[in-house]
$ cat coords.cif   # mmCIF, C-alpha atoms
data_work
#
loop_
_atom_site.label_atom_id
_atom_site.label_comp_id
_atom_site.auth_asym_id
_atom_site.auth_seq_id
_atom_site.Cartn_x
_atom_site.Cartn_y
_atom_site.Cartn_z
CA MET A 25 -54.62 37.34 19.94
CA ASP A 26 -55.52 34.35 22.07
CA ALA A 27 -59.18 33.41 22.60
CA GLY A 28 -60.44 36.83 21.58
CA THR A 29 -58.34 38.77 24.08
CA ILE A 30 -55.33 41.08 23.70
CA GLY A 31 -52.46 40.15 25.99
CA VAL A 32 -50.52 43.24 27.07
CA ALA A 33 -47.26 43.73 28.91
CA VAL A 34 -45.20 46.65 30.16
CA ILE A 35 -41.40 46.63 30.15
CA GLY A 36 -40.32 48.95 32.95
CA ALA A 37 -41.97 49.22 36.36
CA GLY A 38 -40.90 52.73 37.28
CA MET A 39 -42.90 55.95 37.34
CA ALA A 40 -43.97 56.03 33.67
CA GLY A 41 -44.19 52.24 33.42
CA ARG A 42 -46.83 52.20 36.16
CA SER A 43 -48.75 54.86 34.26
CA HIS A 44 -48.83 52.59 31.21
CA ALA A 45 -49.82 49.63 33.39
CA ALA A 46 -52.71 51.57 34.91
CA GLY A 47 -53.78 52.79 31.49
CA TYR A 48 -54.14 49.28 30.06
CA ARG A 49 -56.14 48.28 33.13
CA GLN A 50 -58.78 50.90 32.25
CA VAL A 51 -59.05 50.67 28.44
CA ASN A 52 -62.21 48.57 28.36
CA THR A 53 -64.00 51.09 30.61
CA VAL A 54 -63.77 54.07 28.24
CA PHE A 55 -65.36 55.05 24.91
CA GLY A 56 -67.24 52.73 22.60
CA ALA A 57 -67.50 49.00 22.20
CA GLY A 58 -65.39 46.97 19.80
CA LEU A 59 -62.14 46.51 21.69
CA PRO A 60 -61.65 42.86 22.72
CA PRO A 61 -61.10 42.16 26.42
CA VAL A 62 -57.57 43.06 27.50
CA ARG A 63 -55.55 40.47 29.41
CA LEU A 64 -53.02 42.06 31.77
CA ALA A 65 -50.24 39.54 31.11
CA ALA A 66 -46.96 40.79 32.59
CA ILE A 67 -44.80 43.57 33.90
CA ALA A 68 -41.05 43.16 33.42
CA ASP A 69 -38.17 44.92 35.12
CA ALA A 70 -34.57 44.06 35.95
CA ASN A 71 -35.56 45.03 39.50
CA LEU A 72 -37.89 42.06 40.02
CA GLU A 73 -39.16 43.36 43.36
CA LEU A 74 -40.32 46.54 41.62
CA ALA A 75 -42.01 44.50 38.87
CA GLU A 76 -43.76 42.31 41.43
CA ASP A 77 -45.09 45.33 43.29
CA ALA A 78 -46.43 46.91 40.06
CA ALA A 79 -48.00 43.62 38.93
CA ARG A 80 -49.76 43.32 42.29
CA ARG A 81 -50.98 46.92 42.29
CA TYR A 82 -52.41 46.85 38.77
CA GLY A 83 -53.64 43.27 38.56
CA TYR A 84 -51.15 41.76 36.10
CA GLU A 85 -50.76 38.00 35.97
CA LYS A 86 -47.03 37.88 36.56
CA ALA A 87 -43.81 39.78 37.02
CA LEU A 88 -40.83 38.99 34.81
CA PRO A 89 -37.13 39.74 35.44
CA SER A 90 -36.23 40.78 31.89
CA TRP A 91 -37.59 42.21 28.67
CA GLU A 92 -36.34 39.10 26.88
CA ALA A 93 -38.93 37.06 28.79
CA VAL A 94 -41.66 39.30 27.35
CA ALA A 95 -40.34 38.90 23.81
CA GLN A 96 -40.31 35.12 24.21
CA ASP A 97 -43.86 34.84 25.58
CA PRO A 98 -46.19 33.87 22.69
CA THR A 99 -49.31 34.85 24.65
CA ILE A 100 -48.35 38.54 24.76
CA ASP A 101 -49.61 40.60 21.82
CA ALA A 102 -48.84 44.26 22.62
CA VAL A 103 -46.08 45.79 24.70
CA SER A 104 -45.13 49.19 26.13
CA ILE A 105 -41.39 49.95 26.28
CA VAL A 106 -40.80 52.23 29.28
CA VAL A 107 -37.10 51.96 30.14
CA GLY A 108 -33.90 53.93 29.51
CA ASN A 109 -33.67 55.48 26.05
CA ASP A 110 -30.54 53.55 25.03
CA LEU A 111 -32.46 50.26 25.34
CA HIS A 112 -35.40 51.21 23.11
CA ARG A 113 -33.97 50.09 19.76
CA ARG A 114 -32.76 46.70 20.93
CA ILE A 115 -36.02 45.89 22.68
CA ALA A 116 -38.23 47.17 19.84
CA GLU A 117 -36.35 45.09 17.28
CA ALA A 118 -36.80 41.93 19.35
CA LEU A 119 -40.49 42.59 19.99
CA VAL A 120 -41.26 43.30 16.33
CA ALA A 121 -39.33 40.18 15.30
CA ALA A 122 -41.56 38.25 17.71
CA GLY A 123 -44.68 39.69 16.04
CA LYS A 124 -45.66 41.99 18.92
CA HIS A 125 -47.17 45.45 18.63
CA VAL A 126 -45.06 48.18 20.26
CA LEU A 127 -45.84 51.41 22.11
CA CYS A 128 -42.49 53.06 22.92
CA GLU A 129 -42.01 55.94 25.32
CA LYS A 130 -40.40 59.15 24.12
CA PRO A 131 -37.73 60.07 23.20
CA LEU A 132 -37.67 57.34 20.58
CA ALA A 133 -34.07 56.25 21.18
CA GLY A 134 -30.79 57.15 22.81
CA SER A 135 -29.22 58.31 19.55
CA ILE A 136 -30.37 59.66 16.22
CA GLU A 137 -28.82 56.62 14.50
CA ASP A 138 -30.86 54.24 16.63
CA ALA A 139 -33.98 56.31 15.98
CA ARG A 140 -33.47 56.12 12.22
CA ALA A 141 -33.01 52.36 12.47
CA MET A 142 -36.29 52.14 14.38
CA VAL A 143 -38.08 54.12 11.67
CA GLU A 144 -36.75 51.70 9.06
CA LEU A 145 -37.99 48.87 11.28
CA GLU A 146 -41.41 50.53 11.37
CA ARG A 147 -41.46 50.87 7.58
CA THR A 148 -41.09 47.12 7.09
CA ALA A 149 -42.93 45.84 10.21
CA ASP A 150 -46.24 44.03 9.98
CA VAL A 151 -47.30 45.24 13.45
CA VAL A 152 -48.43 48.53 14.99
CA THR A 153 -45.53 50.73 16.13
CA SER A 154 -46.38 53.82 18.17
CA VAL A 155 -44.84 56.43 20.45
CA GLY A 156 -46.19 57.77 23.72
CA TYR A 157 -46.83 61.49 23.35
CA THR A 158 -49.36 61.52 26.16
CA PHE A 159 -50.31 65.20 25.98
CA ARG A 160 -51.99 64.60 22.63
CA ARG A 161 -54.75 63.01 24.77
CA SER A 162 -55.40 66.08 26.91
CA PRO A 163 -59.00 67.30 26.40
CA ALA A 164 -57.92 70.92 26.87
CA ILE A 165 -54.91 70.75 24.52
CA THR A 166 -56.95 68.99 21.86
CA ALA A 167 -59.70 71.61 22.21
CA ILE A 168 -57.12 74.35 21.62
CA ARG A 169 -55.92 72.48 18.55
CA ASP A 170 -59.52 72.43 17.30
CA HIS A 171 -59.83 76.21 17.81
CA VAL A 172 -56.69 76.68 15.70
CA ARG A 173 -57.83 74.31 12.95
CA ARG A 174 -61.21 76.07 12.71
CA GLY A 175 -59.45 79.42 12.34
CA GLU A 176 -61.00 80.82 15.52
CA LEU A 177 -57.75 82.54 16.55
CA GLY A 178 -57.23 84.04 13.10
CA ASP A 179 -53.80 83.86 11.50
CA LEU A 180 -51.36 82.69 14.18
CA SER A 181 -48.72 85.20 15.23
CA LEU A 182 -46.79 83.44 18.03
CA PHE A 183 -46.51 80.13 19.86
CA SER A 184 -44.74 80.32 23.21
CA GLY A 185 -44.15 76.98 24.92
CA ARG A 186 -42.32 75.92 28.05
CA TYR A 187 -41.83 72.86 30.17
CA TRP A 188 -40.39 73.80 33.53
CA CYS A 189 -39.84 71.09 36.18
CA ASP A 190 -38.00 70.95 39.47
CA TYR A 191 -37.04 67.28 39.70
CA ALA A 192 -33.31 68.06 39.34
CA THR A 193 -32.97 71.05 41.68
CA ASP A 194 -31.42 69.00 44.50
CA PRO A 195 -27.64 68.78 43.96
CA ASN A 196 -27.63 65.61 46.09
CA GLY A 197 -30.03 63.85 43.71
CA PRO A 198 -28.46 60.65 42.33
CA LEU A 199 -26.65 60.49 38.99
CA SER A 200 -29.24 58.32 37.23
CA TRP A 201 -29.42 57.52 33.50
CA ARG A 202 -31.35 60.75 32.97
CA PHE A 203 -28.14 62.74 33.49
CA LYS A 204 -26.07 60.80 30.95
CA GLY A 205 -25.97 60.76 27.16
CA GLY A 206 -24.57 64.07 25.96
CA PRO A 207 -26.18 67.38 24.90
CA GLY A 208 -29.85 67.08 23.92
CA SER A 209 -30.51 64.01 26.05
CA GLY A 210 -31.19 65.97 29.25
CA ALA A 211 -34.08 68.35 29.74
CA LEU A 212 -34.53 68.62 25.95
CA GLY A 213 -35.01 64.90 25.41
CA ASP A 214 -36.85 64.19 28.63
CA ILE A 215 -39.42 67.00 28.78
CA GLY A 216 -38.62 69.13 25.74
CA ALA A 217 -39.83 66.34 23.46
CA HIS A 218 -43.32 66.76 24.93
CA VAL A 219 -43.61 70.52 24.45
CA ILE A 220 -42.15 70.28 20.92
CA ASP A 221 -44.71 67.62 20.00
CA ALA A 222 -47.54 69.62 21.59
CA ALA A 223 -46.51 72.67 19.55
CA GLU A 224 -46.50 70.72 16.28
CA TYR A 225 -49.76 68.98 17.22
CA ILE A 226 -51.37 72.42 17.48
CA ALA A 227 -49.51 74.56 14.93
CA GLY A 228 -47.96 72.21 12.37
CA PRO A 229 -44.39 71.14 11.62
CA VAL A 230 -41.26 73.00 12.72
CA VAL A 231 -38.79 73.52 9.88
CA ALA A 232 -35.91 75.44 11.50
CA VAL A 233 -34.53 76.48 14.89
CA SER A 234 -32.20 79.26 15.96
CA GLY A 235 -30.94 81.17 18.99
CA ALA A 236 -30.42 78.02 21.03
CA THR A 237 -28.63 77.94 24.36
CA LEU A 238 -27.97 74.94 26.64
CA SER A 239 -26.77 75.14 30.22
CA THR A 240 -26.12 72.83 33.16
CA GLN A 241 -26.61 74.23 36.63
CA ILE A 242 -25.48 71.14 38.58
CA THR A 243 -22.44 69.68 36.87
CA LYS A 244 -21.68 66.83 39.29
CA ARG A 245 -23.96 64.47 41.20
CA PRO A 246 -23.40 61.65 43.69
CA LEU A 247 -23.41 58.09 42.38
CA PRO A 248 -26.42 56.01 43.45
CA LEU A 249 -25.94 52.93 45.61
CA GLY A 250 -28.78 51.06 43.90
CA ALA A 251 -31.59 51.39 41.40
CA VAL A 252 -33.20 54.81 40.93
CA VAL A 253 -36.95 54.83 40.23
CA GLY A 254 -38.28 57.73 38.19
CA HIS A 255 -37.30 61.10 39.64
CA ASN A 256 -37.18 59.76 43.17
CA ALA A 257 -34.40 60.27 45.68
CA ALA A 258 -32.20 57.26 46.40
CA PRO A 259 -29.27 56.35 48.65
CA VAL A 260 -26.01 57.72 47.26
CA SER A 261 -22.31 57.10 47.81
CA GLY A 262 -19.58 59.57 48.61
CA GLU A 263 -18.38 59.44 45.01
CA VAL A 264 -19.58 61.88 42.38
CA GLY A 265 -19.81 61.72 38.61
CA ALA A 266 -20.15 64.28 35.85
CA VAL A 267 -23.55 65.31 34.48
CA GLU A 268 -23.34 64.82 30.72
CA ASN A 269 -26.37 66.76 29.47
CA GLU A 270 -28.33 69.98 29.89
CA ASP A 271 -30.49 71.11 32.79
CA THR A 272 -31.95 74.04 30.84
CA ALA A 273 -32.43 74.93 27.17
CA SER A 274 -34.10 77.66 25.15
CA PHE A 275 -34.54 78.25 21.43
CA THR A 276 -36.65 79.88 18.74
CA ALA A 277 -38.44 77.84 16.08
CA ARG A 278 -39.91 78.60 12.66
CA PHE A 279 -42.95 76.57 11.61
CA ALA A 280 -43.75 75.59 8.02
CA SER A 281 -46.57 78.16 8.04
CA GLY A 282 -44.10 80.96 8.83
CA LEU A 283 -45.23 81.12 12.47
CA VAL A 284 -42.50 81.86 15.02
CA GLY A 285 -42.29 79.92 18.28
CA THR A 286 -40.25 80.43 21.44
CA PHE A 287 -39.41 77.49 23.69
CA SER A 288 -37.73 76.94 27.03
CA VAL A 289 -37.31 73.78 29.08
CA SER A 290 -35.74 73.20 32.47
CA ARG A 291 -35.48 70.42 35.03
CA THR A 292 -34.08 72.86 37.63
CA ALA A 293 -37.06 75.24 37.80
CA PHE A 294 -37.72 75.47 41.53
CA GLY A 295 -41.32 75.08 42.65
CA LEU A 296 -42.66 73.76 39.34
CA PRO A 297 -43.28 70.01 39.59
CA ASN A 298 -44.78 69.53 36.11
CA GLY A 299 -44.93 72.89 34.39
CA LEU A 300 -45.87 72.21 30.78
CA ALA A 301 -47.57 75.38 29.57
CA PHE A 302 -48.05 77.35 26.37
CA ASP A 303 -49.76 80.34 24.78
CA VAL A 304 -51.03 80.40 21.20
CA LEU A 305 -51.60 83.91 19.86
CA GLY A 306 -53.41 84.88 16.69
CA LEU A 307 -54.63 88.09 15.10
CA GLY A 308 -58.16 87.30 16.23
CA GLY A 309 -57.75 85.44 19.51
CA ARG A 310 -55.54 83.57 21.92
CA ALA A 311 -55.53 80.39 23.98
CA ALA A 312 -53.40 79.28 26.91
CA PHE A 313 -52.88 76.03 28.82
CA ASP A 314 -51.02 75.10 32.01
CA GLN A 315 -50.64 71.45 33.05
CA HIS A 316 -50.77 72.50 36.69
CA ARG A 317 -54.45 73.30 35.97
CA PRO A 318 -55.16 70.48 33.48
CA ALA A 319 -58.96 70.58 33.64
CA GLU A 320 -59.22 74.03 32.07
CA TYR A 321 -57.77 76.43 29.53
CA LEU A 322 -58.04 80.13 28.75
CA PHE A 323 -59.64 81.37 25.55
CA ASP A 324 -60.07 84.89 24.24
CA ASP A 325 -61.44 85.95 20.86
CA ALA A 326 -62.77 89.01 19.06
CA GLN A 327 -66.17 89.22 20.70
CA PRO A 328 -68.31 91.94 19.12
CA GLU A 329 -69.36 93.46 22.43
CA ALA A 330 -66.37 95.35 23.84
CA ARG A 331 -67.98 95.50 27.28
CA THR A 332 -67.63 91.71 27.72
CA ARG A 333 -64.37 91.11 25.89
CA GLY A 334 -61.55 89.27 27.66
CA ALA A 335 -60.10 85.90 28.49
CA ARG A 336 -62.57 83.22 29.51
CA GLN A 337 -61.83 80.21 31.68
CA ILE A 338 -63.09 77.08 29.88
CA ILE A 339 -63.71 74.28 32.39
CA ALA A 340 -63.27 70.77 30.98
CA GLY A 341 -66.54 68.95 30.47
CA PRO A 342 -68.41 66.84 27.92
CA GLN A 343 -68.05 69.63 25.33
CA LEU A 344 -64.28 68.91 25.06
CA PRO A 345 -62.57 66.10 23.11
CA TYR A 346 -62.04 62.80 24.98
CA PHE A 347 -64.25 63.85 27.91
CA LYS A 348 -67.55 62.32 26.80
CA GLY A 349 -67.12 58.58 27.11
CA GLY A 350 -63.76 58.99 28.84
CA TYR A 351 -64.93 59.70 32.41
CA PRO A 352 -67.30 57.75 34.66
CA MET A 353 -68.89 61.05 35.74
CA GLU A 354 -69.47 63.08 32.57
CA ALA A 355 -69.88 66.46 34.23
CA PRO A 356 -67.82 69.66 34.00
CA GLY A 357 -65.00 70.07 36.49
CA VAL A 358 -64.51 66.43 37.49
CA GLY A 359 -61.55 65.37 35.31
CA GLY A 360 -58.35 66.32 33.59
CA GLY A 361 -55.65 64.23 35.26
CA ASN A 362 -52.48 62.57 34.05
CA ALA A 363 -53.78 59.01 34.53
CA GLU A 364 -56.68 59.54 32.14
CA MET A 365 -54.35 60.64 29.35
CA PHE A 366 -52.39 57.39 29.68
CA THR A 367 -55.68 55.47 29.53
CA TYR A 368 -56.74 57.27 26.34
CA GLN A 369 -53.29 56.68 24.82
CA ALA A 370 -53.44 52.96 25.66
CA ARG A 371 -56.95 52.74 24.20
CA ALA A 372 -55.87 54.48 20.98
CA PHE A 373 -52.91 52.09 20.65
CA LEU A 374 -55.05 49.00 21.21
CA ASP A 375 -57.74 50.36 18.85
CA GLN A 376 -55.05 50.24 16.16
CA VAL A 377 -53.95 46.76 17.21
CA ALA A 378 -57.50 45.38 17.16
CA GLY A 379 -58.70 47.28 14.08
CA VAL A 380 -61.60 48.91 15.94
CA ALA A 381 -64.13 50.26 13.45
CA ASP A 382 -64.40 53.73 15.02
CA PRO A 383 -61.01 54.21 16.66
CA LEU A 384 -59.57 57.08 18.64
CA PRO A 385 -57.07 59.21 16.70
CA ALA A 386 -53.95 57.14 16.08
CA CYS A 387 -50.86 57.43 18.24
CA ALA A 388 -47.72 59.13 17.00
CA THR A 389 -45.42 56.94 14.91
CA PHE A 390 -41.72 56.16 15.17
CA ALA A 391 -41.28 58.55 12.23
CA ASP A 392 -43.03 61.33 14.16
CA ALA A 393 -40.71 60.76 17.11
CA LEU A 394 -37.63 60.75 14.86
CA HIS A 395 -38.74 64.18 13.62
CA THR A 396 -38.82 65.42 17.23
CA MET A 397 -35.32 64.06 17.79
CA GLU A 398 -34.13 65.82 14.61
CA ILE A 399 -35.49 69.08 16.04
CA ILE A 400 -33.64 68.42 19.30
CA GLN A 401 -30.44 67.63 17.37
CA ALA A 402 -30.87 70.89 15.43
CA VAL A 403 -31.23 72.79 18.74
CA VAL A 404 -27.92 71.29 19.92
CA ARG A 405 -26.25 72.25 16.65
CA SER A 406 -27.62 75.79 16.94
CA ALA A 407 -26.24 76.08 20.47
CA ASP A 408 -22.83 74.82 19.28
CA ALA A 409 -22.88 77.45 16.50
CA ALA A 410 -23.61 80.41 18.81
CA GLY A 411 -27.31 80.38 18.01
CA ALA A 412 -27.12 80.05 14.23
CA SER A 413 -30.21 78.96 12.33
CA VAL A 414 -30.38 75.23 11.60
CA ASP A 415 -32.89 73.65 9.20
CA ILE A 416 -34.71 70.46 10.14
CA PRO A 417 -34.11 67.57 7.65
#

$ encode --input "coords.cif" --output "structure tokens"
Amino acid sequence: MDAGTIGVAVIGAGMAGRSHAAGYRQVNTVFGAGLPPVRLAAIADANLELAEDAARRYGYEKALPSWEAVAQDPTIDAVSIVVGNDLHRRIAEALVAAGKHVLCEKPLAGSIEDARAMVELERTADVVTSVGYTFRRSPAITAIRDHVRRGELGDLSLFSGRYWCDYATDPNGPLSWRFKGGPGSGALGDIGAHVIDAAEYIAGPVVAVSGATLSTQITKRPLPLGAVVGHNAAPVSGEVGAVENEDTASFTARFASGLVGTFSVSRTAFGLPNGLAFDVLGLGGRAAFDQHRPAEYLFDDAQPEARTRGARQIIAGPQLPYFKGGYPMEAPGVGGGNAEMFTYQARAFLDQVAGVADPLPACATFADALHTMEIIQAVVRSADAAGASVDIP
């Protein structure tokens, strides 16, 4: 770290890359003291115009045309990798070799072999290596986890999770990298990774899956004429190409505790822009969350007075994790957005980098993200075997 600052960079200037860039911009404004000043060093993207626009918007010193330029810059200490999954391993290896700390977006890699190589890299690296499971920073989701850990729902009886999105409902949407890579790399890898991690964050590890089905509703898409940013529309040609992965998936999971979970994910769920949601049921209570209403959750427990029993709407406020110290206005009902979660994630990552004395809970590791990919691989194997049960390694 140069002159008592942490130089940060983001590789990838698309939708999620800008969320990382904005998060780093805010890290010194939240929670306690101890984190050195953060220097917003660079944003890199092969589309230099896109990188220049993001650098201007978020106050970064420069835009770079390649990830290699970030790896070669000795003034950069910590880097977010926010590009196509197939590039993650190559970039992470170069950054770690250059002595830089790495926060990699999920899924960890484009293949299970690359993911295992990245975990081996993590095992021997002398830097912080982390993965961006942003929903671990939701005040409401973390509060539900706390209810479960304190036994306030009783013995758990069911976890039902879903992530339903509509970004792929348009058959004229361009054939971007999101639609390539084979079974498991579609809706499962893109959004399923988040709901799987949220489930394990709340209820513990998954040890087996069964009853899996994968389906693709739109099997061909037009080829783009240029770069595609995030889930956005883009000019397309008259040529079409085959979609290589799933639009929709469902499966059942068994947790190490014996708990059963049901899961469904879809990128062709009309009218649901960002529909991560789940219910946790126990013998003595239940809790439910919906990302479309991120500043609240539902909670119901065995209240002694039958006359007032029932689900209660808990509005996010300073009584929830991350809220106190994480918002300029610490009052109920004023927060709960996506941008804040990226800020908390960036702060937790840089707390690890700087060795802050009282850090936020650590980010997920490469090993955690490999475990998620092994679950996804098991779901694919279950679907190939007509729903047979498949154990997680």

$ closest_residue --input "coords.cif" --among "A:Pro89, A:Ile67, A:Gln376, A:Met39" --to "Val252 in chain A" --atoms "only C-alpha atoms"
A:Met39

$ atom_distance --input "coords.cif" --atom1 "CA of Ala266 in chain A" --atom2 "CA of Gly206 in chain A"
10.8 Å

$ resolve_selection --input "coords.cif" --expression "the PyMOL selection byres ((chain A and resi 119-131) around 8)" --output "ChimeraX atom specification"
/A:95-96,100-107,109,112,115-118,132-134,149-157,213-214,217,373,377,393,397

$ residues_around --input "coords.cif" --residues "range 53-60 of chain A" --least-positions-apart "4" --cutoff "8 Å" --atoms "all atoms listed in the file" --output "VMD selection string"
chain A and resid 28 to 30 348 to 351 368 374 to 375 378 380 to 381

$ resolve_selection --input "coords.cif" --expression "the PyMOL selection byres ((chain A and resi 90) around 6)" --output "PyMOL selection string"
chain A and resi 68-70+88-89+91-93

$ atom_distance --input "coords.cif" --atom1 "CA of Tyr82 in chain A" --atom2 "CA of Asn362 in chain A"
16.4 Å

$ residues_around --input "coords.cif" --residues "Gly228 in chain A" --least-positions-apart "6" --cutoff "9 Å" --atoms "all atoms listed in the file" --output "VMD selection string"
chain A and resid 279 to 281

$ atom_distance --input "coords.cif" --atom1 "CA of Ser406 in chain A" --atom2 "CA of Gly210 in chain A"
16.1 Å

$ closest_residue --input "coords.cif" --among "A:Gly308, A:Pro417, A:Pro328, A:Pro198" --to "Thr396 in chain A" --atoms "all atoms listed in the file"
A:Pro417

$ resolve_selection --input "coords.cif" --expression "the PyMOL selection byres ((chain A and resi 277) around 12)" --output "PyMOL selection string"
chain A and resi 182-185+220+223-224+227-236+274-276+278-288+399-400+402-403+406+411-416

$ closest_residue --input "coords.cif" --among "A:Val219, A:Ile165, A:Leu212, A:Cys387" --to "Gly360 in chain A" --atoms "all atoms listed in the file"
A:Ile165
